Structure formats: structure tokens, C-alpha cells
>>> print(open('coords-v6.txt').read())   # compact mmCIF, C-alpha atoms
# COMPACT_ATOMS: atom_id res chain seq x y z
CA MET A 1 130.89 34.04 36.17
CA GLY A 2 130.27 32.36 39.51
CA LYS A 3 132.28 29.82 41.46
CA ILE A 4 131.46 26.71 43.49
CA PHE A 5 133.30 26.67 46.84
CA TYR A 6 133.46 22.92 47.44
CA LEU A 7 134.00 21.62 50.99
CA ILE A 8 135.58 18.18 50.78
CA GLY A 9 136.14 15.77 53.64
CA PRO A 10 135.28 12.39 55.11
CA SER A 11 132.28 11.80 57.36
CA ALA A 12 132.40 13.61 60.71
CA SER A 13 134.99 16.10 59.45
CA GLY A 14 132.51 18.93 60.09
CA LYS A 15 131.60 19.73 56.47
CA ASP A 16 127.88 20.16 57.11
CA ARG A 17 128.37 22.36 60.17
CA LEU A 18 130.96 24.47 58.34
CA LEU A 19 128.61 24.71 55.37
CA GLY A 20 125.83 25.98 57.63
CA GLU A 21 128.02 28.60 59.28
CA LEU A 22 129.57 29.76 56.01
CA THR A 23 126.10 30.13 54.53
CA GLN A 24 125.24 32.52 57.36
CA ARG A 25 128.48 34.48 56.96
CA PHE A 26 128.08 34.71 53.18
CA PRO A 27 124.35 35.05 52.46
CA GLN A 28 125.15 36.00 48.86
CA LEU A 29 126.40 32.44 48.25
CA ARG A 30 123.78 29.89 47.32
CA THR A 31 123.83 26.32 48.53
CA LEU A 32 123.13 23.23 46.54
CA VAL A 33 120.86 20.66 48.10
CA MET A 34 122.03 17.18 47.21
CA TYR A 35 119.83 14.18 46.58
CA THR A 36 119.96 10.89 48.46
CA THR A 37 118.13 7.59 48.58
CA ARG A 38 119.06 6.98 52.22
CA PRO A 39 116.48 7.35 54.99
CA ILE A 40 116.13 10.70 56.68
CA ARG A 41 117.95 11.11 60.03
CA SER A 42 116.46 12.82 63.04
CA GLY A 43 117.08 16.56 62.86
CA GLU A 44 117.19 16.64 59.06
CA THR A 45 114.71 18.65 57.02
CA PRO A 46 113.54 17.35 53.62
CA ASP A 47 114.61 19.59 50.72
CA LYS A 48 116.96 21.48 53.02
CA SER A 49 119.31 18.82 54.38
CA TYR A 50 118.85 16.66 51.26
CA HIS A 51 116.22 15.95 48.65
CA PHE A 52 115.16 12.49 49.81
CA ILE A 53 114.19 10.37 46.82
CA THR A 54 113.58 6.72 46.05
CA PRO A 55 116.07 4.62 44.06
CA GLU A 56 113.49 4.58 41.25
CA VAL A 57 113.38 8.39 41.06
CA PHE A 58 117.19 8.49 41.02
CA GLU A 59 117.26 6.08 38.07
CA GLU A 60 114.74 8.26 36.22
CA LYS A 61 116.97 11.33 36.74
CA LYS A 62 120.00 9.36 35.58
CA ALA A 63 118.21 8.12 32.45
CA ALA A 64 117.25 11.72 31.67
CA GLY A 65 120.95 12.75 31.78
CA LEU A 66 120.46 15.05 34.77
CA VAL A 67 123.01 13.49 37.16
CA ILE A 68 126.11 15.71 37.57
CA GLU A 69 127.76 13.35 40.03
CA SER A 70 126.71 10.38 42.12
CA ARG A 71 128.10 7.66 44.33
CA THR A 72 126.48 4.63 45.89
CA TYR A 73 127.50 3.16 49.23
CA HIS A 74 126.75 -0.46 49.98
CA THR A 75 125.70 -0.03 53.58
CA VAL A 76 124.60 -2.61 56.13
CA TYR A 77 121.05 -1.43 55.32
CA GLY A 78 121.40 -1.80 51.55
CA PRO A 79 122.62 0.61 48.86
CA TRP A 80 122.37 4.36 49.53
CA THR A 81 123.00 6.77 46.68
CA TYR A 82 124.02 10.42 47.02
CA ALA A 83 123.93 12.70 43.99
CA THR A 84 124.03 16.22 42.62
CA ILE A 85 121.33 16.59 40.03
CA ASP A 86 120.99 19.31 37.41
CA ASP A 87 117.53 20.41 38.47
CA GLY A 88 117.81 23.96 37.15
CA THR A 89 118.95 25.52 40.43
CA ILE A 90 122.63 25.95 39.45
CA GLU A 91 123.14 29.25 37.61
CA LEU A 92 126.88 29.95 37.55
CA GLU A 93 126.37 32.81 35.11
CA LYS A 94 124.62 34.70 37.95
CA TYR A 95 125.66 33.24 41.32
CA SER A 96 128.39 31.57 43.35
CA TYR A 97 127.67 28.53 45.52
CA LEU A 98 128.73 26.58 48.59
CA MET A 99 128.71 22.80 48.32
CA ALA A 100 130.01 19.87 50.39
CA GLY A 101 130.91 16.33 49.42
CA THR A 102 133.48 13.59 49.03
CA LEU A 103 136.61 13.32 46.90
CA GLU A 104 134.61 11.35 44.35
CA SER A 105 131.78 13.88 44.18
CA TYR A 106 134.27 16.76 43.98
CA GLY A 107 136.10 15.07 41.10
CA GLN A 108 132.89 14.54 39.12
CA THR A 109 131.72 18.13 39.79
CA LEU A 110 135.14 19.44 38.75
CA ARG A 111 134.89 17.52 35.46
CA TYR A 112 131.34 18.77 34.87
CA TYR A 113 131.98 22.49 35.53
CA GLY A 114 135.76 22.87 35.05
CA ALA A 115 138.57 24.07 37.32
CA ASP A 116 137.79 27.74 36.68
CA HIS A 117 134.43 27.34 38.42
CA VAL A 118 135.16 24.90 41.28
CA MET A 119 137.40 25.81 44.23
CA PRO A 120 138.36 22.95 46.58
CA LEU A 121 138.30 23.51 50.35
CA TYR A 122 139.64 20.23 51.77
CA ILE A 123 138.76 19.66 55.45
CA GLU A 124 141.12 17.52 57.54
CA VAL A 125 140.48 16.03 60.97
CA GLU A 126 142.61 13.55 62.89
CA PRO A 127 140.93 10.09 62.52
CA GLY A 128 140.47 9.52 66.26
CA LEU A 129 138.64 12.84 66.62
CA ARG A 130 136.50 12.05 63.56
CA LEU A 131 135.52 8.71 65.08
CA PHE A 132 134.66 10.42 68.38
CA ARG A 133 132.48 12.95 66.55
CA ALA A 134 130.78 10.24 64.49
CA LEU A 135 129.95 8.26 67.63
CA ALA A 136 128.53 11.35 69.35
CA ARG A 137 126.37 12.11 66.31
CA GLU A 138 125.14 8.52 66.10
CA ARG A 139 124.29 8.42 69.81
CA SER A 140 122.04 11.44 69.31
CA GLN A 141 119.89 9.58 66.75
CA ALA A 142 116.54 8.08 67.80
CA GLU A 143 117.74 4.76 66.37
CA PRO A 144 121.56 4.71 66.31
CA LYS A 145 123.09 2.73 63.44
CA TYR A 146 126.49 1.88 64.90
CA ALA A 147 127.36 -0.84 62.38
CA GLU A 148 126.79 1.62 59.52
CA MET A 149 128.82 4.29 61.33
CA CYS A 150 131.76 1.85 61.57
CA ARG A 151 131.41 0.79 57.93
CA ARG A 152 131.38 4.39 56.81
CA PHE A 153 134.42 5.32 58.90
CA LEU A 154 136.44 2.41 57.49
CA ALA A 155 135.29 3.13 53.93
CA ASP A 156 136.36 6.78 54.32
CA GLU A 157 139.84 5.68 55.38
CA GLU A 158 140.15 4.10 51.92
CA ASP A 159 138.13 6.68 49.96
CA PHE A 160 140.23 9.55 51.37
CA SER A 161 143.59 7.78 51.27
CA PRO A 162 146.68 9.92 50.70
CA GLU A 163 147.02 8.41 47.22
CA LYS A 164 143.48 9.44 46.25
CA GLN A 165 143.96 12.91 47.72
CA ALA A 166 147.24 13.33 45.79
CA ALA A 167 145.42 12.88 42.47
CA PHE A 168 143.80 16.30 42.97
CA HIS A 169 146.87 18.33 44.05
CA PHE A 170 144.99 20.38 46.65
CA PRO A 171 146.86 23.66 47.12
CA LYS A 172 145.89 23.77 50.81
CA LYS A 173 144.06 21.71 53.43
CA TYR A 174 142.12 23.17 56.35
CA VAL A 175 142.41 21.43 59.71
CA ASN A 176 139.13 21.29 61.64
CA ASN A 177 140.32 20.30 65.10
CA ASP A 178 139.23 23.75 66.32
CA PHE A 179 135.92 24.60 64.63
CA ALA A 180 136.04 28.39 65.16
CA ALA A 181 139.61 28.67 63.83
CA CYS A 182 138.80 26.54 60.78
CA LEU A 183 135.66 28.56 60.08
CA ASP A 184 137.60 31.83 60.26
CA GLU A 185 140.31 30.51 57.94
CA LEU A 186 137.78 29.32 55.37
CA SER A 187 135.88 32.62 55.63
CA ALA A 188 139.05 34.58 54.88
CA VAL A 189 139.74 32.46 51.79
CA ILE A 190 136.18 32.86 50.46
CA GLU A 191 136.17 36.59 51.23
CA LYS A 192 139.39 37.02 49.21
CA GLU A 193 137.97 35.05 46.24
CA LEU A 194 134.75 37.06 46.22
CA SER A 195 136.46 40.47 46.38
>>> encode(input="coords-v6.txt", output="C-alpha cells")
Amino acid sequence: MGKIFYLIGPSASGKDRLLGELTQRFPQLRTLVMYTTRPIRSGETPDKSYHFITPEVFEEKKAAGLVIESRTYHTVYGPWTYATIDDGTIELEKYSYLMAGTLESYGQTLRYYGADHVMPLYIEVEPGLRLFRALARERSQAEPKYAEMCRRFLADEEDFSPEKQAAFHFPKKYVNNDFAACLDELSAVIEKELS
């Protein structure tokens, strides 16, 4: 039976970059493409970065009972929903997967699949460094959304509070102040689990 290696961390913690690098190091692991109702950002590829859908399509999937986990953020641009949808691409009886998300999405995925099939890989970054990274990423956008970046950073401070983290009893956290070192540490953990 397969396993979902679940990268968890707030925005600008490096989850997406780590996910990309780990996918290259472990080509046998499949990735799950999440769904979102938010607008596409420059540099993102539809159906690779996310499945970009309308709020109406999301509601149809939800009504059909296909939503594994979802969360909606009330942004300065309106509500944006992110979700994992059971679209037939998850086959734990055959494959293991890499996935990235929030504490909330991890918790819902854990409930859906069970602790035997979901391994948490919690990514930590000092808040000042996260804010610096978020600002650099936003500056690179064709139309920077600084107000939304600030809202998201502040929301993450609450969403990833020590109290909320403690509810999951993570056996280990991986510090991503040095990307290469964090990537190597995560690779060693995954390698051990797969062997």
C-alpha cells in the first residue's frame, strides 16, 4: 500500500519548491495537483501548478461528494478556495505520492486516508525570512498583490499557531532556512520510508 508524503507549512515556507525538487529526486512518487478558484499567477501552468476552476465547478464537485479537503480564504479580492478532489488520480493501492498544503488540508487528508497512509513533513521557516521570501515572490508578479500578501502572512501566523501545530503531534519539523540542507534532510527521510 502506498503513502502520501505531505509537506506542510505556511506560505513562503518553500513547500512548492521543495515539492518540485523532491519530485525530481523521487520520480517514482506521484504528485497530486490541487484545485483552486483563485486566479492564475504568472509562471504557473494550468493543470500542473493547480487545476484552476470556477467557484461553480467547485460547488458541483462538493455536491457530488468528491472533495477530500478544502479551505476558503477571504482575500482582499474575494473568496479563494483550495481543494483536493477525488478525481480518480489517487491510487494508494499502487503508488505513493508527494503533496503540499496547510495544517487544515493535512488534517482533512489525514482523516480521509488514515495515519497509516499519510506521513507529515512539517516545514518551518523563521517568520521574518518567510515575509522576505513572500515579498520577493510578489515583486516578481506582473501585477503584485501586496495587500493580499500581507493578509495571507498574518492569517498564516494564526493558522499555524503553536497551539494548532500541537494538535497534530508532529514527530519532527524540518527547518528550511537553508534550502539545500532541508531538501537533503527530507530526501533522506523519504528514502528510508520507501526502502
>>> closest_atom_pairs(input="coords-v6.txt", of="segment 29-129 of chain A", to="segment 191-195 of chain A", cutoff="12 Å", atoms="all atoms listed in the file", output="JSON lines")
{"residue": "A:Leu29", "atom": "CA", "partner": "A:Leu194", "partner_atom": "CA", "distance": 9.8}
{"residue": "A:Tyr95", "atom": "CA", "partner": "A:Leu194", "partner_atom": "CA", "distance": 11.0}
{"residue": "A:Ser96", "atom": "CA", "partner": "A:Leu194", "partner_atom": "CA", "distance": 8.9}
{"residue": "A:Tyr97", "atom": "CA", "partner": "A:Leu194", "partner_atom": "CA", "distance": 11.1}
{"residue": "A:His117", "atom": "CA", "partner": "A:Glu193", "partner_atom": "CA", "distance": 11.5}
{"residue": "A:Val118", "atom": "CA", "partner": "A:Glu193", "partner_atom": "CA", "distance": 11.6}
{"residue": "A:Met119", "atom": "CA", "partner": "A:Glu193", "partner_atom": "CA", "distance": 9.5}
>>> write_last_selection(input="coords-v6.txt", atoms="C-alpha atoms", output="mmCIF file, keeping the file's coordinate frame")
data_model
loop_
_atom_site.group_PDB
_atom_site.id
_atom_site.type_symbol
_atom_site.label_atom_id
_atom_site.label_comp_id
_atom_site.auth_asym_id
_atom_site.auth_seq_id
_atom_site.Cartn_x
_atom_site.Cartn_y
_atom_site.Cartn_z
ATOM 1 C CA LEU A 29 126.400 32.440 48.250
ATOM 2 C CA TYR A 95 125.660 33.240 41.320
ATOM 3 C CA SER A 96 128.390 31.570 43.350
ATOM 4 C CA TYR A 97 127.670 28.530 45.520
ATOM 5 C CA HIS A 117 134.430 27.340 38.420
ATOM 6 C CA VAL A 118 135.160 24.900 41.280
ATOM 7 C CA MET A 119 137.400 25.810 44.230
#
>>> atom_distance(input="coords-v6.txt", atom1="atom CA of Ile53 of chain A", atom2="atom CA of Ile85 of chain A")
11.7 Å
>>> closest_residue(input="coords-v6.txt", among="A:Thr36, A:Ser49, A:Ser42, A:Gln108", to="Ala83 of chain A", atoms="only C-alpha atoms")
A:Thr36
>>> residues_around(input="coords-v6.txt", residues="Gly65 of chain A", least_positions_apart="6", cutoff="12 Å", atoms="all atoms listed in the file", output="list in words")
Phe58, Glu59, Thr84, Ile85, Asp86 and Asp87 of chain A
>>> residues_near_point(input="coords-v6.txt", point="(135.9, 13.0, 61.4)", cutoff="10 Å", atoms="only C-alpha atoms", output="MDAnalysis selection string")
chainID A and resid 9:15 123:135 153 156 176:177
>>> residues_around(input="coords-v6.txt", residues="segment 168-173 of chain A", least_positions_apart="5", cutoff="9 Å", atoms="only C-alpha atoms", output="ChimeraX atom specification")
/A:103,107,120-124
>>> atom_distance(input="coords-v6.txt", atom1="atom CA of Leu92 of chain A", atom2="atom CA of Asp116 of chain A")
11.2 Å
>>> closest_residue(input="coords-v6.txt", among="A:Pro162, A:Ala63, A:Pro46, A:Thr75", to="Cys150 of chain A", atoms="all atoms listed in the file")
A:Thr75
>>> residues_around(input="coords-v6.txt", residues="segment 142-145 of chain A", least_positions_apart="2", cutoff="10 Å", atoms="only C-alpha atoms", output="list of chain:residue names")
A:Arg41, A:Ser42, A:Gly43, A:Val76, A:Tyr77, A:Leu135, A:Arg137, A:Glu138, A:Arg139, A:Ser140, A:Ala147, A:Glu148, A:Met149, A:Cys150
>>> closest_residue(input="coords-v6.txt", among="A:Ala115, A:Ala166, A:Leu110, A:Leu183", to="Arg25 of chain A", atoms="all atoms listed in the file")
A:Leu183
>>> atom_distance(input="coords-v6.txt", atom1="atom CA of Glu60 of chain A", atom2="atom CA of Lys94 of chain A")
28.3 Å
>>> closest_residue(input="coords-v6.txt", among="A:Leu98, A:Gln141, A:Val189, A:Phe52", to="Gln24 of chain A", atoms="all atoms listed in the file")
A:Leu98
>>> closest_residue(input="coords-v6.txt", among="A:Val57, A:Val67, A:Ala167, A:Leu22", to="Thr37 of chain A", atoms="all atoms listed in the file")
A:Val57
>>> axis_aligned_box(input="coords-v6.txt", around="segment 85-91 of chain A", padding_each_side="8 Å", output="JSON")
{"center_x": 120.3, "center_y": 22.9, "center_z": 38.8, "size_x": 21.6, "size_y": 28.7, "size_z": 19.3}
